[in-house]
Amino acid sequence: MKKKEEKVLVVINPKAGVGNKLKFHKILKKELHSYFKIVEIVMTRKKGDGFEYANKGKEDFDLIVACGGDGTINEIGSALINSGTTLGIIPLGSGNGLARGLKIPIGSVKKAAQVLFKGVDINIDAGRIANHYFFNVAGIGLDAQIARDFNYHDVRGIAPYIFYAVKNFLTNPPIECTIINDKKEILKDILILAFANFKEYGGKAIIAPSAKPDDGLLDICILKKPNFFVALYHLPNLFLGRINKLPYYYSFQANSLHIKGKTPLLFHYDGEKGEELTEVNISVLPRALKVRVITPL
């Protein structure tokens, strides 16, 4: 098998997901060196390292690989916007929403590494919320509250998501805000206001069944807060791709919009906690990120 000439930088987040990252490092190094002539592997130590490695490496490397969850991918992808350098993904996170949307194998280093060798490069849209890029989903409301708690406590896996979702549903009041797009709309009793580039958050929770990552538009998903037992009854629809059938959900598409909150609004971007702002701008950069996938979407 002939090795590729591409120069590859691999950025591993040792805190992502669960599992032995030292063992993973050895397997990945062996796999990638069988596919590429030049491979350099680095480990992050703190938030922001992924962005710095990618920002410095994009001039010298052809492919920069994010090994971690959606947060790690977000950092590295944010550095590669409109750079021409390709983002590769080895999913190691708890939810792996972006990897699932791109059909990158989950749970197998070898299969994910084969995508890097055999795959094709495509361009996807990048969303922007306030001063942050996002590639999968950003949001205000319950999903942002879950992201806040998940990032604060150093515990990984799906179980904490469920715990924080129930806790915040029961303890936090719904949000009230105004959306300004081509018209002005006041929203009350909102549980989630999501801005989706891909269909799912991660863990197969599908918030935007019709979202497409290369159409230059975001799906704006609005979920009103129902009674807890009503929400529990309809919860399976979130994982079956039928949330759009519920009476307290609706969506529309936009390439930009402005949000004004009655009180400061906490937001997240790809599961990372953002700031609390009374006014938030959301926009799209069409086809701004090059990503390696096994097959075109």
# chains A, B, ... in the order shown; residues from 1 in each chain; ligands from 1

$ closest_atom_pairs --of "stretch 163-201 of chain A" --to "stretch 279-288 of chain A" --cutoff "12 Å" --atoms "only C-alpha atoms" --output "CSV"
residue,atom,partner,partner_atom,distance
A:Cys177,CA,A:Glu279,CA,9.4
A:Thr178,CA,A:Glu279,CA,9.5
A:Ile179,CA,A:Val280,CA,9.7
A:Ile180,CA,A:Asn281,CA,9.7
A:Asn181,CA,A:Ile282,CA,10.2
A:Leu193,CA,A:Ile282,CA,11.9
A:Ala194,CA,A:Ile282,CA,10.8
A:Phe195,CA,A:Ile282,CA,8.3
A:Ala196,CA,A:Val284,CA,10.7
A:Asn197,CA,A:Val284,CA,9.1

$ write_last_selection --atoms "N, CA and C atoms" --output "PDB file, in the first residue's frame"
ATOM      1  N   CYS A 177     -37.742  35.778  24.734  1.00  0.00           N
ATOM      2  CA  CYS A 177     -36.842  36.572  23.908  1.00  0.00           C
ATOM      3  C   CYS A 177     -37.554  37.025  22.643  1.00  0.00           C
ATOM      4  N   THR A 178     -36.892  37.883  21.903  1.00  0.00           N
ATOM      5  CA  THR A 178     -37.417  38.370  20.625  1.00  0.00           C
ATOM      6  C   THR A 178     -36.449  37.997  19.517  1.00  0.00           C
ATOM      7  N   ILE A 179     -36.967  37.379  18.460  1.00  0.00           N
ATOM      8  CA  ILE A 179     -36.180  37.050  17.278  1.00  0.00           C
ATOM      9  C   ILE A 179     -36.422  38.124  16.222  1.00  0.00           C
ATOM     10  N   ILE A 180     -35.347  38.668  15.682  1.00  0.00           N
ATOM     11  CA  ILE A 180     -35.458  39.634  14.598  1.00  0.00           C
ATOM     12  C   ILE A 180     -34.743  39.069  13.382  1.00  0.00           C
ATOM     13  N   ASN A 181     -35.529  38.793  12.351  1.00  0.00           N
ATOM     14  CA  ASN A 181     -35.000  38.277  11.097  1.00  0.00           C
ATOM     15  C   ASN A 181     -35.574  39.162  10.000  1.00  0.00           C
ATOM     16  N   LEU A 193     -34.119  27.055  22.149  1.00  0.00           N
ATOM     17  CA  LEU A 193     -34.024  27.774  20.886  1.00  0.00           C
ATOM     18  C   LEU A 193     -32.696  27.353  20.274  1.00  0.00           C
ATOM     19  N   ALA A 194     -32.748  26.448  19.299  1.00  0.00           N
ATOM     20  CA  ALA A 194     -31.539  25.839  18.746  1.00  0.00           C
ATOM     21  C   ALA A 194     -31.275  26.334  17.334  1.00  0.00           C
ATOM     22  N   PHE A 195     -29.985  26.422  16.996  1.00  0.00           N
ATOM     23  CA  PHE A 195     -29.542  26.842  15.674  1.00  0.00           C
ATOM     24  C   PHE A 195     -28.724  25.681  15.103  1.00  0.00           C
ATOM     25  N   ALA A 196     -29.328  24.938  14.183  1.00  0.00           N
ATOM     26  CA  ALA A 196     -28.765  23.653  13.778  1.00  0.00           C
ATOM     27  C   ALA A 196     -28.199  23.687  12.362  1.00  0.00           C
ATOM     28  N   ASN A 197     -26.938  23.250  12.258  1.00  0.00           N
ATOM     29  CA  ASN A 197     -26.303  23.050  10.957  1.00  0.00           C
ATOM     30  C   ASN A 197     -26.450  21.589  10.534  1.00  0.00           C
TER      31      ASN A 197
END

$ select_by_dssp --residues "stretch 101-272 of chain A" --states "strand (DSSP E or B)" --output "JSON, numbers by chain"
{"A": [120, 121, 122, 123, 124, 125, 126, 127, 128, 129, 132, 133, 134, 137, 138, 139, 140, 141, 175, 176, 177, 178, 179, 180, 184, 185, 186, 187, 188, 189, 190, 191, 192, 193, 194, 195, 196, 200, 202, 206, 218, 219, 220, 221, 222, 223, 224, 249, 250, 251, 252, 253, 254, 256, 257, 258, 259, 260, 261, 262, 263, 264, 265, 266, 267, 268, 269, 272]}

$ write_last_selection --atoms "C-alpha atoms" --output "PDB file, in the first residue's frame"
ATOM      1  CA  VAL A 120     -12.841  12.661   0.209  1.00  0.00           C
ATOM      2  CA  ASP A 121     -12.850  16.319   1.204  1.00  0.00           C
ATOM      3  CA  ILE A 122     -16.109  18.249   1.325  1.00  0.00           C
ATOM      4  CA  ASN A 123     -16.996  21.763   2.417  1.00  0.00           C
ATOM      5  CA  ILE A 124     -19.596  22.421   5.096  1.00  0.00           C
ATOM      6  CA  ASP A 125     -21.120  25.607   6.451  1.00  0.00           C
ATOM      7  CA  ALA A 126     -19.900  27.215   9.644  1.00  0.00           C
ATOM      8  CA  GLY A 127     -22.304  28.902  12.013  1.00  0.00           C
ATOM      9  CA  ARG A 128     -21.368  31.878  14.143  1.00  0.00           C
ATOM     10  CA  ILE A 129     -23.010  32.845  17.438  1.00  0.00           C
ATOM     11  CA  HIS A 132     -17.845  31.828  18.453  1.00  0.00           C
ATOM     12  CA  TYR A 133     -17.992  29.468  15.474  1.00  0.00           C
ATOM     13  CA  PHE A 134     -20.046  26.292  15.567  1.00  0.00           C
ATOM     14  CA  VAL A 137     -25.598  22.922  16.824  1.00  0.00           C
ATOM     15  CA  ALA A 138     -25.684  26.039  18.985  1.00  0.00           C
ATOM     16  CA  GLY A 139     -28.529  26.983  21.268  1.00  0.00           C
ATOM     17  CA  ILE A 140     -30.147  28.989  24.031  1.00  0.00           C
ATOM     18  CA  GLY A 141     -32.201  27.502  26.874  1.00  0.00           C
ATOM     19  CA  ILE A 175     -36.907  31.803  28.475  1.00  0.00           C
ATOM     20  CA  GLU A 176     -38.498  34.811  26.822  1.00  0.00           C
ATOM     21  CA  CYS A 177     -36.842  36.572  23.908  1.00  0.00           C
ATOM     22  CA  THR A 178     -37.417  38.370  20.625  1.00  0.00           C
ATOM     23  CA  ILE A 179     -36.180  37.050  17.278  1.00  0.00           C
ATOM     24  CA  ILE A 180     -35.458  39.634  14.598  1.00  0.00           C
ATOM     25  CA  LYS A 184     -39.950  40.510  14.546  1.00  0.00           C
ATOM     26  CA  GLU A 185     -41.315  37.680  16.685  1.00  0.00           C
ATOM     27  CA  ILE A 186     -41.689  37.559  20.458  1.00  0.00           C
ATOM     28  CA  LEU A 187     -41.149  34.100  21.927  1.00  0.00           C
ATOM     29  CA  LYS A 188     -42.468  33.100  25.354  1.00  0.00           C
ATOM     30  CA  ASP A 189     -42.290  29.902  27.417  1.00  0.00           C
ATOM     31  CA  ILE A 190     -39.348  28.599  25.381  1.00  0.00           C
ATOM     32  CA  LEU A 191     -37.499  25.488  26.539  1.00  0.00           C
ATOM     33  CA  ILE A 192     -34.945  25.400  23.691  1.00  0.00           C
ATOM     34  CA  LEU A 193     -34.024  27.774  20.886  1.00  0.00           C
ATOM     35  CA  ALA A 194     -31.539  25.839  18.746  1.00  0.00           C
ATOM     36  CA  PHE A 195     -29.542  26.842  15.674  1.00  0.00           C
ATOM     37  CA  ALA A 196     -28.765  23.653  13.778  1.00  0.00           C
ATOM     38  CA  GLU A 200     -28.520  15.977  15.922  1.00  0.00           C
ATOM     39  CA  GLY A 202     -25.132  13.871  19.646  1.00  0.00           C
ATOM     40  CA  ILE A 206     -32.237  14.694  16.614  1.00  0.00           C
ATOM     41  CA  LEU A 218     -29.379  27.168   9.694  1.00  0.00           C
ATOM     42  CA  ASP A 219     -32.493  25.409  10.936  1.00  0.00           C
ATOM     43  CA  ILE A 220     -33.924  27.563  13.729  1.00  0.00           C
ATOM     44  CA  CYS A 221     -35.662  25.121  16.068  1.00  0.00           C
ATOM     45  CA  ILE A 222     -38.096  26.394  18.691  1.00  0.00           C
ATOM     46  CA  LEU A 223     -39.325  24.081  21.416  1.00  0.00           C
ATOM     47  CA  LYS A 224     -41.848  25.429  23.914  1.00  0.00           C
ATOM     48  CA  TYR A 249     -42.126  22.433  18.242  1.00  0.00           C
ATOM     49  CA  TYR A 250     -41.646  24.416  15.073  1.00  0.00           C
ATOM     50  CA  SER A 251     -38.719  25.497  12.898  1.00  0.00           C
ATOM     51  CA  PHE A 252     -37.718  27.725  10.019  1.00  0.00           C
ATOM     52  CA  GLN A 253     -34.520  28.433   8.095  1.00  0.00           C
ATOM     53  CA  ALA A 254     -32.382  31.565   8.092  1.00  0.00           C
ATOM     54  CA  SER A 256     -28.782  35.318   9.950  1.00  0.00           C
ATOM     55  CA  LEU A 257     -30.871  36.584  12.830  1.00  0.00           C
ATOM     56  CA  HIS A 258     -30.686  38.729  15.937  1.00  0.00           C
ATOM     57  CA  ILE A 259     -31.919  37.627  19.370  1.00  0.00           C
ATOM     58  CA  LYS A 260     -32.873  40.002  22.190  1.00  0.00           C
ATOM     59  CA  GLY A 261     -33.447  38.567  25.644  1.00  0.00           C
ATOM     60  CA  LYS A 262     -35.701  39.924  28.349  1.00  0.00           C
ATOM     61  CA  THR A 263     -32.879  38.856  30.681  1.00  0.00           C
ATOM     62  CA  PRO A 264     -29.304  37.754  29.808  1.00  0.00           C
ATOM     63  CA  LEU A 265     -29.340  34.625  27.638  1.00  0.00           C
ATOM     64  CA  LEU A 266     -26.864  31.796  28.186  1.00  0.00           C
ATOM     65  CA  PHE A 267     -25.856  30.078  24.947  1.00  0.00           C
ATOM     66  CA  HIS A 268     -23.720  27.126  23.914  1.00  0.00           C
ATOM     67  CA  TYR A 269     -21.814  26.388  20.723  1.00  0.00           C
ATOM     68  CA  GLU A 272     -19.347  24.439  24.828  1.00  0.00           C
TER      69      GLU A 272
END

$ closest_residue --among "A:Ser210, A:Asn168, A:Asn237, A:Thr86" --to "A:Leu63" --atoms "only C-alpha atoms"
A:Thr86

$ residues_around --residues "stretch 44-48 of chain A" --least-positions-apart "5" --cutoff "9 Å" --atoms "only C-alpha atoms" --output "list in words"
Val11, Ile12, Asn13, Pro14, Lys15, Tyr53, Thr72 and Glu75 of chain A
